[in-house]
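Trainee: File follows, model03.tsv with TSV, C-alpha atoms:
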chain	number	residue	atom	x	y	z
A	1	GLU	CA	33.56	33.97	31.13
A	2	ASP	CA	30.23	35.26	29.81
A	3	GLN	CA	28.45	32.80	27.57
A	4	VAL	CA	25.11	31.77	26.15
A	5	THR	CA	23.90	28.25	25.43
A	6	GLN	CA	20.76	27.57	23.43
A	7	SER	CA	18.79	24.36	23.22
A	8	PRO	CA	17.68	22.46	21.34
A	9	GLU	CA	19.90	23.07	18.30
A	10	ALA	CA	17.02	22.16	16.02
A	11	LEU	CA	13.29	21.70	16.55
A	12	ARG	CA	10.62	20.40	14.19
A	13	LEU	CA	7.00	21.10	15.09
A	14	GLN	CA	3.70	20.38	13.47
A	15	GLU	CA	1.66	23.48	12.75
A	16	GLY	CA	-0.25	24.31	15.94
A	17	GLU	CA	2.09	22.31	18.22
A	18	SER	CA	3.28	24.67	20.96
A	19	SER	CA	6.80	24.43	22.39
A	20	SER	CA	9.60	26.36	24.10
A	21	LEU	CA	13.17	27.27	23.21
A	22	ASN	CA	15.75	27.60	25.97
A	23	CYS	CA	18.57	30.11	26.45
A	24	SER	CA	20.89	29.51	29.41
A	25	TYR	CA	23.40	32.20	30.23
A	26	THR	CA	26.24	33.13	32.53
A	27	VAL	CA	27.16	36.79	32.61
A	28	SER	CA	29.22	38.96	34.93
A	29	GLY	CA	26.53	41.62	35.05
A	30	LEU	CA	23.36	41.44	32.98
A	31	ARG	CA	22.19	44.61	31.32
A	32	GLY	CA	19.77	42.91	28.97
A	33	LEU	CA	18.84	39.67	27.25
A	34	PHE	CA	17.74	39.84	23.62
A	35	TRP	CA	15.87	37.49	21.32
A	36	TYR	CA	16.32	37.73	17.58
A	37	ARG	CA	14.89	35.85	14.63
A	38	GLN	CA	17.15	35.13	11.66
A	39	ASP	CA	15.96	33.92	8.27
A	40	PRO	CA	18.43	32.34	5.81
A	41	GLY	CA	20.62	34.95	4.12
A	42	LYS	CA	19.29	37.76	6.28
A	43	GLY	CA	20.54	39.65	9.30
A	44	PRO	CA	18.97	39.00	12.72
A	45	GLU	CA	15.60	40.68	13.29
A	46	PHE	CA	14.93	42.06	16.77
A	47	LEU	CA	12.12	40.44	18.76
A	48	PHE	CA	12.42	41.22	22.48
A	49	THR	CA	14.58	42.72	25.20
A	50	LEU	CA	14.29	41.49	28.80
A	51	TYR	CA	16.05	43.32	31.61
A	52	SER	CA	15.30	41.58	34.90
A	53	ALA	CA	14.24	38.22	36.30
A	54	GLY	CA	10.50	37.76	36.23
A	55	GLU	CA	9.97	39.95	33.21
A	56	GLU	CA	7.82	38.68	30.35
A	57	LYS	CA	7.11	40.07	26.88
A	58	GLU	CA	4.71	38.94	24.18
A	59	LYS	CA	4.38	39.48	20.48
A	60	GLU	CA	1.77	37.59	18.46
A	61	ARG	CA	2.49	33.86	19.00
A	62	LEU	CA	5.76	34.48	20.86
A	63	LYS	CA	6.32	35.02	24.57
A	64	ALA	CA	9.71	35.53	26.20
A	65	THR	CA	10.42	35.02	29.88
A	66	LEU	CA	13.52	35.57	31.99
A	67	THR	CA	14.97	34.07	35.17
A	68	LYS	CA	18.35	34.66	36.75
A	69	LYS	CA	19.91	31.82	34.77
A	70	GLU	CA	17.83	31.33	31.65
A	71	SER	CA	15.26	32.65	29.26
A	72	PHE	CA	12.53	30.83	27.41
A	73	LEU	CA	10.90	31.69	24.13
A	74	HIS	CA	7.46	30.11	24.09
A	75	ILE	CA	5.81	29.60	20.72
A	76	THR	CA	2.06	29.06	20.86
A	77	ALA	CA	0.28	27.38	17.93
A	78	PRO	CA	3.13	28.01	15.50
A	79	LYS	CA	2.63	28.52	11.78
A	80	PRO	CA	5.01	27.62	8.94
A	81	GLU	CA	6.03	31.28	8.64
A	82	ASP	CA	7.52	31.03	12.14
A	83	SER	CA	10.22	28.75	10.71
A	84	ALA	CA	13.59	30.46	11.26
A	85	THR	CA	16.63	30.39	13.52
A	86	TYR	CA	16.02	32.04	16.87
A	87	LEU	CA	19.05	33.67	18.49
A	88	CYS	CA	19.51	34.69	22.10
A	89	ALA	CA	22.08	37.26	23.21
A	90	VAL	CA	23.13	38.87	26.48
A	91	GLN	CA	24.57	42.32	27.05
A	92	ASN	CA	26.90	42.70	30.02
A	93	THR	CA	27.71	45.81	32.01
A	94	GLY	CA	30.68	46.42	29.70
A	95	ASN	CA	28.25	46.65	26.77
A	96	GLN	CA	29.64	43.48	25.25
A	97	PHE	CA	27.18	41.18	23.54
A	98	TYR	CA	27.36	37.39	23.51
A	99	PHE	CA	25.16	35.35	21.19
A	100	GLY	CA	24.18	31.70	21.39
A	101	THR	CA	24.40	29.45	18.36
A	102	GLY	CA	20.65	29.55	17.86
A	103	THR	CA	17.75	27.14	17.60
A	104	SER	CA	16.65	26.25	14.08
A	105	LEU	CA	12.87	25.95	14.12
A	106	THR	CA	10.94	24.21	11.36
A	107	VAL	CA	7.14	24.27	11.44
A	108	ILE	CA	5.54	21.68	9.20
A	109	PRO	CA	2.12	22.42	7.68
B	1	GLY	CA	17.87	55.49	5.90
B	2	ALA	CA	15.12	53.09	6.82
B	3	GLY	CA	17.45	50.37	7.99
B	4	VAL	CA	21.08	49.37	8.35
B	5	SER	CA	22.65	49.04	4.93
B	6	GLN	CA	25.75	46.97	4.20
B	7	SER	CA	27.78	46.74	1.03
B	8	PRO	CA	28.77	44.76	-0.82
B	9	ARG	CA	26.32	41.91	-0.11
B	10	TYR	CA	28.81	39.37	-1.42
B	11	LYS	CA	32.57	39.56	-1.79
B	12	VAL	CA	34.96	36.97	-3.15
B	13	ALA	CA	38.60	37.68	-2.39
B	14	LYS	CA	41.74	35.85	-3.28
B	15	ARG	CA	43.86	34.86	-0.33
B	16	GLY	CA	46.20	37.70	0.53
B	17	GLN	CA	43.93	40.39	-0.90
B	18	ASP	CA	42.73	43.34	1.21
B	19	VAL	CA	38.97	43.95	1.52
B	20	ALA	CA	36.81	46.79	2.84
B	21	LEU	CA	33.26	46.27	4.03
B	22	ARG	CA	30.92	49.21	4.47
B	23	CYS	CA	28.11	49.81	6.94
B	24	ASP	CA	25.56	52.64	6.80
B	25	PRO	CA	23.74	52.68	10.15
B	26	ILE	CA	20.26	53.99	10.79
B	27	SER	CA	20.37	57.78	10.78
B	28	GLY	CA	20.92	59.19	14.27
B	29	HIS	CA	22.11	55.94	15.81
B	30	VAL	CA	25.02	56.55	18.14
B	31	SER	CA	26.16	52.96	18.66
B	32	LEU	CA	27.51	50.74	15.90
B	33	PHE	CA	28.67	47.13	16.13
B	34	TRP	CA	30.47	44.69	13.89
B	35	TYR	CA	29.98	40.93	14.21
B	36	GLN	CA	31.36	37.89	12.43
B	37	GLN	CA	29.00	34.97	11.81
B	38	ALA	CA	30.36	31.63	10.65
B	39	LEU	CA	28.01	29.14	9.02
B	40	GLY	CA	25.68	27.57	11.56
B	41	GLN	CA	26.97	29.74	14.39
B	42	GLY	CA	25.70	32.77	16.23
B	43	PRO	CA	27.21	36.20	15.59
B	44	GLU	CA	30.51	36.84	17.37
B	45	PHE	CA	31.32	40.34	18.56
B	46	LEU	CA	34.21	42.09	16.82
B	47	THR	CA	34.10	45.75	17.82
B	48	TYR	CA	31.84	48.65	18.70
B	49	PHE	CA	31.70	52.42	18.37
B	50	GLN	CA	29.95	55.19	20.24
B	51	ASN	CA	29.84	57.96	17.65
B	52	GLU	CA	33.37	58.04	16.20
B	53	ALA	CA	35.04	56.52	19.25
B	54	GLN	CA	35.96	52.85	19.08
B	55	LEU	CA	35.26	51.80	22.66
B	56	ASP	CA	35.86	48.08	22.38
B	57	LYS	CA	37.85	46.14	19.81
B	58	SER	CA	38.51	43.09	21.93
B	59	GLY	CA	36.76	40.78	19.47
B	60	LEU	CA	38.94	41.55	16.47
B	61	PRO	CA	40.67	38.23	15.75
B	62	SER	CA	44.01	39.63	14.62
B	63	ASP	CA	45.82	42.83	13.73
B	64	ARG	CA	44.78	42.23	10.13
B	65	PHE	CA	41.31	43.47	11.10
B	66	PHE	CA	40.72	47.19	11.41
B	67	ALA	CA	37.51	49.20	11.81
B	68	GLU	CA	36.84	52.90	11.63
B	69	ARG	CA	33.95	55.34	11.88
B	70	PRO	CA	35.64	58.69	11.32
B	71	GLU	CA	32.57	60.94	11.30
B	72	GLY	CA	30.40	58.94	13.64
B	73	SER	CA	28.14	57.65	10.90
B	74	VAL	CA	29.34	55.27	8.17
B	75	SER	CA	31.77	52.59	9.30
B	76	THR	CA	34.26	50.48	7.38
B	77	LEU	CA	35.68	47.13	8.42
B	78	LYS	CA	38.95	46.42	6.67
B	79	ILE	CA	40.64	43.05	6.52
B	80	GLN	CA	44.21	42.96	5.28
B	81	ARG	CA	45.90	39.95	3.68
B	82	THR	CA	42.73	37.85	3.85
B	83	GLN	CA	42.98	34.21	4.87
B	84	GLN	CA	40.55	31.35	4.25
B	85	GLU	CA	39.50	31.38	7.90
B	86	ASP	CA	38.20	34.92	7.38
B	87	SER	CA	35.38	33.50	5.24
B	88	ALA	CA	32.14	34.35	7.06
B	89	VAL	CA	29.20	36.73	7.06
B	90	TYR	CA	30.09	40.11	8.54
B	91	LEU	CA	27.14	41.77	10.21
B	92	CYS	CA	26.78	45.38	11.20
B	93	ALA	CA	24.24	46.57	13.78
B	94	SER	CA	23.30	49.99	15.10
B	95	SER	CA	21.30	51.25	18.04
B	96	LEU	CA	20.18	54.63	19.30
B	97	ASP	CA	22.47	54.28	22.30
B	98	VAL	CA	23.64	50.96	23.70
B	99	THR	CA	24.25	52.53	27.11
B	100	LEU	CA	20.49	52.97	27.41
B	101	ASN	CA	19.85	49.27	26.71
B	102	ILE	CA	18.19	50.13	23.43
B	103	GLU	CA	17.92	47.23	21.02
B	104	ALA	CA	20.27	46.93	18.06
B	105	PHE	CA	19.09	46.56	14.46
B	106	PHE	CA	21.10	44.48	12.04
B	107	GLY	CA	21.93	44.85	8.38
B	108	GLN	CA	21.73	42.00	5.87
B	109	GLY	CA	25.43	41.29	6.19
B	110	THR	CA	28.31	40.90	3.77
B	111	ARG	CA	29.20	37.33	2.87
B	112	LEU	CA	32.97	37.15	2.41
B	113	THR	CA	34.47	34.14	0.69
B	114	VAL	CA	38.25	33.88	0.56
B	115	VAL	CA	39.53	31.52	-2.14
Take the structure in the file and write it out as structure tokens.

Mentor:
Amino acid sequence: EDQVTQSPEALRLQEGESSSLNCSYTVSGLRGLFWYRQDPGKGPEFLFTLYSAGEEKEKERLKATLTKKESFLHITAPKPEDSATYLCAVQNTGNQFYFGTGTSLTVIP
Amino acid sequence: GAGVSQSPRYKVAKRGQDVALRCDPISGHVSLFWYQQALGQGPEFLTYFQNEAQLDKSGLPSDRFFAERPEGSVSTLKIQRTQQEDSAVYLCASSLDVTLNIEAFFGQGTRLTVV
């Protein structure tokens, strides 16, 4: 069964303290892996799509990487405005999407 | 429109009442998805459309849930005889064409509370 597991569930960082969020997945056929950011009371906001192992994408302080079993979202020198829940999702060859439960990130000034 | 629009933002229903949730996707987007998000959980897939065709409804939790997109644009998710376990945020997302691996954009969601 296709599934996504994210860790840690929650992460507290000091401003400027870099870290990584993990997304482990099992999928029958991967068409894409997606990272989203979700703020309280809002819908998920698209960040990245990764399609194949070895691919990397960057946006400001965020960098996403992909292997055959997991993806990492690296956050470099985070700021308080980076505080949010980060969701990972996979799309299989049947165009079904499976989300993880997210990592709640808090960046303390 | 500029983004995916969902209405209402909040809905309180008495148990047993029928509800209808509306989604206006981004103009020109072929693919449309409905998700259910319980508190503290990730979104769970309910159903998806390519234009007006409902290609996958495997995530609908019971036959009380019904979705339609008759003209390939606006979609409605209907829940009949609501139960307390239906309380959740219902998210709609659209993408240019999911078969091309194009990312999906989400609306703000409708928070349904069944009392």

Trainee: Between A:Pro109, A:Ala10, A:Asp2, A:Ser28, which residue has the minimum interatomic distance to Ala77 in chain A, considering all atoms listed in the file?

Mentor: A:Pro109

Trainee: Near Tyr86 in chain A, within 10 Å and counting only C-alpha atoms, which residues show up once chain neighbours fewer than 5 positions away are dropped, as a list in words?

Mentor: Gln6, Glu9, Ala10, Leu21, Trp35, Tyr36, Arg37, Gln38, Asp39, Pro44, Glu45, Leu47, Leu73, Gly100, Thr101, Gly102, Thr103, Ser104 and Leu105 of chain A; Gly42 of chain B

Trainee: Generate the output file for the selected residues, C-alpha atoms, as a CSV table (one decimal), keeping the file's coordinate frame.

Mentor:
chain,number,residue,atom,x,y,z
A,6,GLN,CA,20.8,27.6,23.4
A,9,GLU,CA,19.9,23.1,18.3
A,10,ALA,CA,17.0,22.2,16.0
A,21,LEU,CA,13.2,27.3,23.2
A,35,TRP,CA,15.9,37.5,21.3
A,36,TYR,CA,16.3,37.7,17.6
A,37,ARG,CA,14.9,35.8,14.6
A,38,GLN,CA,17.2,35.1,11.7
A,39,ASP,CA,16.0,33.9,8.3
A,44,PRO,CA,19.0,39.0,12.7
A,45,GLU,CA,15.6,40.7,13.3
A,47,LEU,CA,12.1,40.4,18.8
A,73,LEU,CA,10.9,31.7,24.1
A,100,GLY,CA,24.2,31.7,21.4
A,101,THR,CA,24.4,29.4,18.4
A,102,GLY,CA,20.6,29.6,17.9
A,103,THR,CA,17.8,27.1,17.6
A,104,SER,CA,16.6,26.2,14.1
A,105,LEU,CA,12.9,26.0,14.1
B,42,GLY,CA,25.7,32.8,16.2

Trainee: Do me a favour and pick out the residues of chain A within 8 Å of chain B, using all atoms listed in the file, as a list in words.

Mentor: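 The contacting residues on chain A are Arg31, Gly32, Phe34, Gly41, Lys42, Gly43, Pro44, Glu45, Phe46, Thr49, Leu87, Asn95, Gln96, Phe97, Tyr98, Phe99, Gly100, Thr101 and Gly102 of chain A.
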
Trainee: Keeping C-alpha atoms for every residue in the selection just given, could you write it to a file as a PDB file, keeping the file's coordinate frame?

Mentor:
ATOM      1  CA  ARG A  31      22.190  44.610  31.320  1.00  0.00           C
ATOM      2  CA  GLY A  32      19.770  42.910  28.970  1.00  0.00           C
ATOM      3  CA  PHE A  34      17.740  39.840  23.620  1.00  0.00           C
ATOM      4  CA  GLY A  41      20.620  34.950   4.120  1.00  0.00           C
ATOM      5  CA  LYS A  42      19.290  37.760   6.280  1.00  0.00           C
ATOM      6  CA  GLY A  43      20.540  39.650   9.300  1.00  0.00           C
ATOM      7  CA  PRO A  44      18.970  39.000  12.720  1.00  0.00           C
ATOM      8  CA  GLU A  45      15.600  40.680  13.290  1.00  0.00           C
ATOM      9  CA  PHE A  46      14.930  42.060  16.770  1.00  0.00           C
ATOM     10  CA  THR A  49      14.580  42.720  25.200  1.00  0.00           C
ATOM     11  CA  LEU A  87      19.050  33.670  18.490  1.00  0.00           C
ATOM     12  CA  ASN A  95      28.250  46.650  26.770  1.00  0.00           C
ATOM     13  CA  GLN A  96      29.640  43.480  25.250  1.00  0.00           C
ATOM     14  CA  PHE A  97      27.180  41.180  23.540  1.00  0.00           C
ATOM     15  CA  TYR A  98      27.360  37.390  23.510  1.00  0.00           C
ATOM     16  CA  PHE A  99      25.160  35.350  21.190  1.00  0.00           C
ATOM     17  CA  GLY A 100      24.180  31.700  21.390  1.00  0.00           C
ATOM     18  CA  THR A 101      24.400  29.450  18.360  1.00  0.00           C
ATOM     19  CA  GLY A 102      20.650  29.550  17.860  1.00  0.00           C
TER      20      GLY A 102
END

Trainee: Report, in Å to a single decimal, how far apart CA of Lys79 in chain A and CA of Ile108 in chain A are.

Mentor: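 Taking CA of Ile108 in chain A and CA of Lys79 in chain A, their separation equals 7.9 Å.
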
Trainee: In Å to one decimal, how far is CA of Glu85 in chain B from CA of Arg69 in chain B?

Mentor: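 So the answer is 24.9 Å.
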
Trainee: Just want the 7 Å neighbourhood of His29 in chain B, counted on all atoms listed in the file, with same-chain residues fewer than 6 positions away dropped. Output as a list in words.

Mentor: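 Listing them by chain and then by number gives Ser94, Ser95, Leu96 and Asp97 of chain B.
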
Trainee: Please, what distance in Å, to one decimal, runs between CA of Asn51 in chain B and CA of Ser5 in chain B?

Mentor: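 Pair CA of Asn51 in chain B / CA of Ser5 in chain B returns 17.1 Å.
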
Trainee: List as a PyMOL selection string: which residues have an atom within 7 Å of (15.0, 29.9, 6.9), counting all atoms listed in the file?

Mentor: chain A and resi 39-40+83-85

Trainee: Which of these residues is nearest to Cys23 in chain B, using all atoms listed in the file: B:Leu39, B:Leu60, B:Ala53, B:Val74?

Mentor: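 Looking at the shortest contact to Cys23 in chain B, the residue is B:Val74.
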
Trainee: Step by step, gather every atom of range 35-48 of chain A that the file lists, find the box along x, y and z that holds them, add 8 Å on each side, and finally give centre and edge lengths in Å to one decimal, as JSON.

Mentor:
{"center_x": 16.4, "center_y": 37.2, "center_z": 13.3, "size_x": 24.5, "size_y": 25.7, "size_z": 34.4}

Trainee: Using all atoms listed in the file and a cutoff of 6 Å, can you tell me which residues are near (43.2, 44.9, 2.9) in the file's coordinates, and write them out as a list in words?

Mentor: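 Within 6 Å of (43.2, 44.9, 2.9), the protein and nucleic acid residues are Gln17, Asp18, Val19, Lys78, Ile79, Gln80 and Arg81 of chain B.
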
Trainee: Can you tell me, as a list in words, what residues are no more than 12 Å from Ser20 in chain A when counting all atoms listed in the file, ignoring any on the same chain fewer than 2 positions away?

Mentor: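 The residues satisfying every condition are Gln6, Ser7, Pro8, Ala10, Leu11, Arg12, Leu13, Glu17, Ser18, Asn22, Cys23, Arg61, Leu62, Lys63, Ala64, Thr65, Ser71, Phe72, Leu73, His74, Ile75, Thr76, Ala77, Pro78, Tyr86, Thr103 and Leu105 of chain A.
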
Trainee: Could the residues in this selection be written to a file with C-alpha atoms, as a PDB file, keeping the file's coordinate frame?

Mentor:
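Written out: selection02.pdb:
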ATOM      1  CA  GLN A   6      20.760  27.570  23.430  1.00  0.00           C
ATOM      2  CA  SER A   7      18.790  24.360  23.220  1.00  0.00           C
ATOM      3  CA  PRO A   8      17.680  22.460  21.340  1.00  0.00           C
ATOM      4  CA  ALA A  10      17.020  22.160  16.020  1.00  0.00           C
ATOM      5  CA  LEU A  11      13.290  21.700  16.550  1.00  0.00           C
ATOM      6  CA  ARG A  12      10.620  20.400  14.190  1.00  0.00           C
ATOM      7  CA  LEU A  13       7.000  21.100  15.090  1.00  0.00           C
ATOM      8  CA  GLU A  17       2.090  22.310  18.220  1.00  0.00           C
ATOM      9  CA  SER A  18       3.280  24.670  20.960  1.00  0.00           C
ATOM     10  CA  ASN A  22      15.750  27.600  25.970  1.00  0.00           C
ATOM     11  CA  CYS A  23      18.570  30.110  26.450  1.00  0.00           C
ATOM     12  CA  ARG A  61       2.490  33.860  19.000  1.00  0.00           C
ATOM     13  CA  LEU A  62       5.760  34.480  20.860  1.00  0.00           C
ATOM     14  CA  LYS A  63       6.320  35.020  24.570  1.00  0.00           C
ATOM     15  CA  ALA A  64       9.710  35.530  26.200  1.00  0.00           C
ATOM     16  CA  THR A  65      10.420  35.020  29.880  1.00  0.00           C
ATOM     17  CA  SER A  71      15.260  32.650  29.260  1.00  0.00           C
ATOM     18  CA  PHE A  72      12.530  30.830  27.410  1.00  0.00           C
ATOM     19  CA  LEU A  73      10.900  31.690  24.130  1.00  0.00           C
ATOM     20  CA  HIS A  74       7.460  30.110  24.090  1.00  0.00           C
ATOM     21  CA  ILE A  75       5.810  29.600  20.720  1.00  0.00           C
ATOM     22  CA  THR A  76       2.060  29.060  20.860  1.00  0.00           C
ATOM     23  CA  ALA A  77       0.280  27.380  17.930  1.00  0.00           C
ATOM     24  CA  PRO A  78       3.130  28.010  15.500  1.00  0.00           C
ATOM     25  CA  TYR A  86      16.020  32.040  16.870  1.00  0.00           C
ATOM     26  CA  THR A 103      17.750  27.140  17.600  1.00  0.00           C
ATOM     27  CA  LEU A 105      12.870  25.950  14.120  1.00  0.00           C
TER      28      LEU A 105
END

Trainee: Please return range 66-86 of chain B, rebuilt to N, CA, C and O atoms, as a short mmCIF file (atom, residue, chain, number, x, y, z; two decimals), keeping the file's coordinate frame.

Mentor:
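Once everything was written out, this is rebuild00.cif:
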data_model
loop_
_atom_site.label_atom_id
_atom_site.label_comp_id
_atom_site.auth_asym_id
_atom_site.auth_seq_id
_atom_site.Cartn_x
_atom_site.Cartn_y
_atom_site.Cartn_z
N PHE B 66 40.71 45.79 10.99
CA PHE B 66 40.72 47.19 11.41
C PHE B 66 39.36 47.80 11.09
O PHE B 66 38.81 47.58 10.02
N ALA B 67 38.81 48.56 12.04
CA ALA B 67 37.51 49.20 11.81
C ALA B 67 37.63 50.67 12.12
O ALA B 67 38.39 51.08 12.99
N GLU B 68 36.85 51.46 11.40
CA GLU B 68 36.84 52.90 11.63
C GLU B 68 35.46 53.47 11.40
O GLU B 68 34.65 52.90 10.66
N ARG B 69 35.23 54.61 12.03
CA ARG B 69 33.95 55.34 11.88
C ARG B 69 34.28 56.82 12.05
O ARG B 69 33.91 57.44 13.04
N PRO B 70 34.99 57.38 11.12
CA PRO B 70 35.64 58.69 11.32
C PRO B 70 34.69 59.85 11.60
O PRO B 70 35.08 60.78 12.31
N GLU B 71 33.48 59.82 11.08
CA GLU B 71 32.57 60.94 11.30
C GLU B 71 31.37 60.54 12.13
O GLU B 71 30.36 61.26 12.18
N GLY B 72 31.48 59.37 12.76
CA GLY B 72 30.40 58.94 13.64
C GLY B 72 29.16 58.45 12.93
O GLY B 72 28.11 58.29 13.55
N SER B 73 29.29 58.17 11.64
CA SER B 73 28.14 57.65 10.90
C SER B 73 28.55 56.36 10.19
O SER B 73 28.55 55.31 10.82
N VAL B 74 28.94 56.45 8.94
CA VAL B 74 29.34 55.27 8.17
C VAL B 74 30.58 54.64 8.81
O VAL B 74 31.47 55.33 9.31
N SER B 75 30.61 53.30 8.77
CA SER B 75 31.77 52.59 9.30
C SER B 75 32.31 51.65 8.23
O SER B 75 31.57 51.15 7.38
N THR B 76 33.60 51.42 8.30
CA THR B 76 34.26 50.48 7.38
C THR B 76 35.05 49.46 8.19
O THR B 76 35.78 49.84 9.12
N LEU B 77 34.87 48.22 7.85
CA LEU B 77 35.68 47.13 8.42
C LEU B 77 36.66 46.69 7.34
O LEU B 77 36.25 46.32 6.24
N LYS B 78 37.92 46.78 7.65
CA LYS B 78 38.95 46.42 6.67
C LYS B 78 39.68 45.16 7.14
O LYS B 78 40.02 45.05 8.33
N ILE B 79 39.88 44.27 6.23
CA ILE B 79 40.64 43.05 6.52
C ILE B 79 41.81 43.01 5.55
O ILE B 79 41.63 43.02 4.32
N GLN B 80 43.00 42.99 6.11
CA GLN B 80 44.21 42.96 5.28
C GLN B 80 44.68 41.52 5.11
O GLN B 80 44.52 40.68 6.00
N ARG B 81 45.28 41.26 3.95
CA ARG B 81 45.90 39.95 3.68
C ARG B 81 44.94 38.82 4.09
O ARG B 81 45.25 38.00 4.94
N THR B 82 43.78 38.80 3.46
CA THR B 82 42.73 37.85 3.85
C THR B 82 43.22 36.41 3.81
O THR B 82 44.04 36.02 2.96
N GLN B 83 42.69 35.63 4.76
CA GLN B 83 42.98 34.21 4.87
C GLN B 83 41.67 33.44 4.72
O GLN B 83 40.58 34.00 4.92
N GLN B 84 41.77 32.14 4.43
CA GLN B 84 40.55 31.35 4.25
C GLN B 84 39.68 31.35 5.50
O GLN B 84 38.45 31.35 5.40
N GLU B 85 40.29 31.40 6.66
CA GLU B 85 39.50 31.38 7.90
C GLU B 85 38.72 32.67 8.11
O GLU B 85 37.88 32.74 9.02
N ASP B 86 38.97 33.68 7.29
CA ASP B 86 38.20 34.92 7.38
C ASP B 86 36.85 34.79 6.68
O ASP B 86 35.99 35.68 6.80
#
